[in-house]
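Dropping input.cif in here (mmCIF, C-alpha atoms):
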```cif
data_work
#
loop_
_atom_site.label_atom_id
_atom_site.label_comp_id
_atom_site.auth_asym_id
_atom_site.auth_seq_id
_atom_site.Cartn_x
_atom_site.Cartn_y
_atom_site.Cartn_z
CA MET O 1 0.00 0.00 0.00
CA TRP O 2 1.35 3.40 -0.99
CA VAL O 3 -0.24 5.48 1.73
CA ARG O 4 1.81 5.68 4.91
CA ARG O 5 1.68 8.01 7.82
CA PHE O 6 4.91 9.74 8.69
CA SER O 7 5.82 11.47 11.87
CA PRO O 8 6.93 15.11 11.54
CA SER O 9 10.49 13.92 12.05
CA ALA O 10 10.30 11.32 9.26
CA ASN O 11 13.49 10.64 7.38
CA LYS O 12 13.62 12.80 4.23
CA ALA O 13 15.47 10.06 2.35
CA ALA O 14 12.71 7.55 3.13
CA ILE O 15 10.03 9.99 1.94
CA LYS O 16 11.98 10.71 -1.23
CA GLN O 17 12.41 6.98 -1.91
CA LEU O 18 8.67 6.39 -1.52
CA HIS O 19 7.94 9.32 -3.82
CA GLU O 20 10.29 7.91 -6.47
CA ARG O 21 8.63 4.49 -6.20
CA TYR O 22 5.22 6.13 -6.54
CA LYS O 23 6.30 8.07 -9.65
CA ALA O 24 7.87 4.95 -11.19
CA THR O 25 4.63 3.03 -10.72
CA PHE O 26 1.98 5.67 -11.34
CA GLY O 27 3.72 8.79 -12.68
CA SER O 28 3.31 9.93 -16.26
CA ILE O 29 7.07 10.11 -16.72
CA ARG O 30 7.26 6.30 -16.70
CA ARG O 31 5.49 6.23 -20.07
CA CYS O 32 7.94 8.76 -21.45
CA VAL O 33 10.87 6.63 -20.25
CA ALA O 34 9.29 3.47 -21.71
CA PHE O 35 8.87 5.25 -25.06
CA PHE O 36 12.58 6.11 -25.24
CA GLU O 37 13.60 2.64 -24.04
CA HIS O 38 12.01 1.17 -27.20
CA LEU O 39 14.44 3.06 -29.43
CA SER O 40 17.29 1.21 -31.12
CA SER O 41 20.55 1.05 -29.19
CA ARG O 42 22.14 3.30 -31.83
CA GLN O 43 19.46 5.95 -31.37
CA GLN O 44 19.68 5.70 -27.58
CA ALA O 45 23.47 6.17 -27.70
CA GLU O 46 23.14 9.21 -29.97
CA LEU O 47 20.60 10.79 -27.64
CA CYS O 48 22.73 10.06 -24.56
CA ASN O 49 25.77 11.61 -26.22
CA SER O 50 23.81 14.71 -27.22
CA ILE O 51 23.26 15.83 -23.60
CA GLN O 52 26.09 16.47 -21.15
CA PHE O 53 25.90 17.31 -17.48
CA ASP O 54 29.07 18.99 -16.21
CA GLY O 55 30.95 17.78 -19.30
CA THR O 56 29.87 14.14 -19.03
CA PRO O 57 27.33 12.60 -21.45
CA VAL O 58 24.26 11.19 -19.73
CA LYS O 59 24.64 7.53 -18.89
CA SER O 60 21.21 6.16 -19.73
CA ILE O 61 18.24 6.74 -21.98
CA LYS O 62 16.18 7.07 -18.80
CA GLU O 63 18.15 10.21 -17.93
CA VAL O 64 17.55 11.58 -21.44
CA ALA O 65 13.81 10.91 -21.16
CA GLN O 66 13.64 12.50 -17.71
CA PHE O 67 15.58 15.56 -18.89
CA LEU O 68 13.32 16.06 -21.92
CA TYR O 69 10.22 15.46 -19.81
CA ASN O 70 11.40 18.08 -17.30
CA LEU O 71 11.97 20.60 -20.12
CA ARG O 72 8.44 19.94 -21.33
CA SER O 73 7.06 20.33 -17.81
CA LYS O 74 8.82 23.66 -17.30
CA PHE O 75 7.12 24.97 -20.41
CA VAL O 76 3.67 23.46 -19.85
CA HIS O 77 3.29 23.85 -16.09
CA GLU O 78 5.43 26.87 -15.33
CA GLY O 79 5.16 28.81 -18.59
CA GLU O 80 8.94 28.99 -18.76
CA LEU O 81 10.40 29.60 -22.21
CA VAL O 82 12.61 26.57 -22.86
CA LEU O 83 15.18 27.00 -25.62
CA ASP O 84 17.44 24.01 -24.97
CA ILE O 85 16.62 22.12 -28.18
CA ALA O 86 18.09 23.97 -31.16
CA ASN O 87 20.11 23.45 -34.32
CA VAL O 88 23.19 24.79 -32.51
CA PRO O 89 24.74 23.63 -29.22
CA VAL O 90 23.07 25.22 -26.19
CA MET O 91 24.70 25.74 -22.81
CA SER O 92 22.45 26.21 -19.79
CA ARG O 93 22.05 25.31 -16.14
CA HIS O 94 19.54 22.83 -14.82
CA LYS O 95 19.30 21.99 -11.14
CA ASN O 96 22.64 23.75 -10.53
CA VAL O 97 24.40 21.62 -13.15
CA ASN O 98 26.13 22.98 -16.25
CA THR O 99 24.38 21.45 -19.24
CA LEU O 100 25.45 21.22 -22.87
CA ILE O 101 22.73 20.12 -25.28
CA GLU O 102 23.69 19.21 -28.83
CA LEU O 103 20.28 17.79 -29.71
CA SER O 104 18.75 19.39 -32.77
CA THR O 105 15.06 19.48 -33.51
CA PRO O 106 15.48 17.26 -36.62
CA LYS O 107 17.40 14.69 -34.52
CA LEU O 108 14.69 14.72 -31.87
CA PHE O 109 12.02 14.30 -34.58
CA GLU O 110 13.98 11.36 -36.01
CA ALA O 111 14.07 9.68 -32.60
CA PHE O 112 10.38 10.40 -32.09
CA GLU O 113 9.52 8.88 -35.48
CA GLU O 114 11.50 5.74 -34.66
CA GLY O 115 9.81 5.57 -31.26
CA VAL O 116 6.31 5.81 -32.73
CA VAL O 117 7.07 3.01 -35.21
CA ALA O 118 8.61 0.88 -32.44
CA TYR O 119 5.60 1.52 -30.20
CA PHE O 120 3.09 0.36 -32.80
CA ASN O 121 5.24 -2.61 -33.85
CA HIS O 122 5.45 -3.62 -30.19
CA ALA O 123 1.69 -3.11 -29.62
CA THR O 124 0.66 -5.46 -32.41
#
```

What do you get writing this file as structure tokens?
Amino acid sequence: MWVRRFSPSANKAAIKQLHERYKATFGSIRRCVAFFEHLSSRQQAELCNSIQFDGTPVKSIKEVAQFLYNLRSKFVHEGELVLDIANVPVMSRHKNVNTLIELSTPKLFEAFEEGVVAYFNHAT
């Protein structure tokens, strides 16, 4: 059962862990991650290499999906103008981390197209 009562002095790490488990099971981001996990290994590697945090490419397609989902959420829920996806490299800061994004719109569209095809091939 997901509902637990915590005392006011509950461990923040335990609360965070429960929240992450909840999001992994019921959160909308899990579908976004699953979509990107159906991409070919070549496409996943290209996407991972197109985003760097503090000079290091992201390690997993899950991190790519979460990053893109967070960009989308900033725009949709907070009305923040997000300009990280462009046809030129973009440097920015996210969660106090220096970020270099070399993901162009055409490359993202290519990955999306592959993902849609993979999704419907998997669904049949």

task = For Leu39 of chain O, list every protein, DNA or RNA residue within 10 Å, evaluated using all atoms listed in the file, and leave out those in the same chain fewer than 3 positions away; present the list as an NGL selection string.
result = :O and (34-36 or 42-45 or 61 or 111-119)

Those residues you just picked out, can you put them in a file as a PDB file, keeping the file's coordinate frame with C-alpha atoms?
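Generated file (selection_35.pdb):
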```pdb
ATOM      1  CA  ALA O  34       9.290   3.470 -21.710  1.00  0.00           C
ATOM      2  CA  PHE O  35       8.870   5.250 -25.060  1.00  0.00           C
ATOM      3  CA  PHE O  36      12.580   6.110 -25.240  1.00  0.00           C
ATOM      4  CA  ARG O  42      22.140   3.300 -31.830  1.00  0.00           C
ATOM      5  CA  GLN O  43      19.460   5.950 -31.370  1.00  0.00           C
ATOM      6  CA  GLN O  44      19.680   5.700 -27.580  1.00  0.00           C
ATOM      7  CA  ALA O  45      23.470   6.170 -27.700  1.00  0.00           C
ATOM      8  CA  ILE O  61      18.240   6.740 -21.980  1.00  0.00           C
ATOM      9  CA  ALA O 111      14.070   9.680 -32.600  1.00  0.00           C
ATOM     10  CA  PHE O 112      10.380  10.400 -32.090  1.00  0.00           C
ATOM     11  CA  GLU O 113       9.520   8.880 -35.480  1.00  0.00           C
ATOM     12  CA  GLU O 114      11.500   5.740 -34.660  1.00  0.00           C
ATOM     13  CA  GLY O 115       9.810   5.570 -31.260  1.00  0.00           C
ATOM     14  CA  VAL O 116       6.310   5.810 -32.730  1.00  0.00           C
ATOM     15  CA  VAL O 117       7.070   3.010 -35.210  1.00  0.00           C
ATOM     16  CA  ALA O 118       8.610   0.880 -32.440  1.00  0.00           C
ATOM     17  CA  TYR O 119       5.600   1.520 -30.200  1.00  0.00           C
TER      18      TYR O 119
END
```

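Closest to His122 of chain O among O:Lys62, O:His38, O:Lys107, O:His94 is O:His38, based on all atoms listed in the file.
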
request  = Quick one: pull the distance between atom CA of Ile101 of chain O and atom CA of Ile51 of chain O, Å, one decimal.
outcome  =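 If I compute the distance from atom CA of Ile101 of chain O to atom CA of Ile51 of chain O, I get 4.6 Å.
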
ask   = So how far away is atom CA of Asn70 of chain O from atom CA of Glu20 of chain O, in Å?
value =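 Spanning atom CA of Glu20 of chain O to atom CA of Asn70 of chain O is a straight-line distance of 14.9 Å.
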
Exercise: residues within 9 Å of coordinate (26.0, 20.7, -15.3), counting all atoms listed in the file, as a ChimeraX atom specification = /O:52-56,92-100

query = From the list O:Phe109, O:Phe75, O:Met91, O:Gln66, which residue is nearest Lys23 of chain O when using only C-alpha atoms?
reply =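 Among the listed residues, O:Gln66 lies closest to Lys23 of chain O.
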
Do you know which residues are at most 6 Å from Ser50 of chain O counting only C-alpha atoms, after dropping those on the same chain fewer than 3 positions away, and could you put them as a compact mmCIF listing (two decimals) with C-alpha atoms, in the frame of the given file?
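File written: out-v8.txt
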```
# COMPACT_ATOMS: atom_id res chain seq x y z
CA LEU O 47 20.60 10.79 -27.64
CA ILE O 101 22.73 20.12 -25.28
CA GLU O 102 23.69 19.21 -28.83
CA LEU O 103 20.28 17.79 -29.71
```

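The residue that comes closest to Glu37 of chain O, out of O:Glu110, O:Ala65, O:Gly79, O:Thr105 and on the basis of only C-alpha atoms, is O:Ala65.
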
query = Do you have the atom CA of Ala86 of chain O-atom CA of Arg72 of chain O distance handy?
reply =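 Separating atom CA of Ala86 of chain O from atom CA of Arg72 of chain O is a distance of 14.4 Å.
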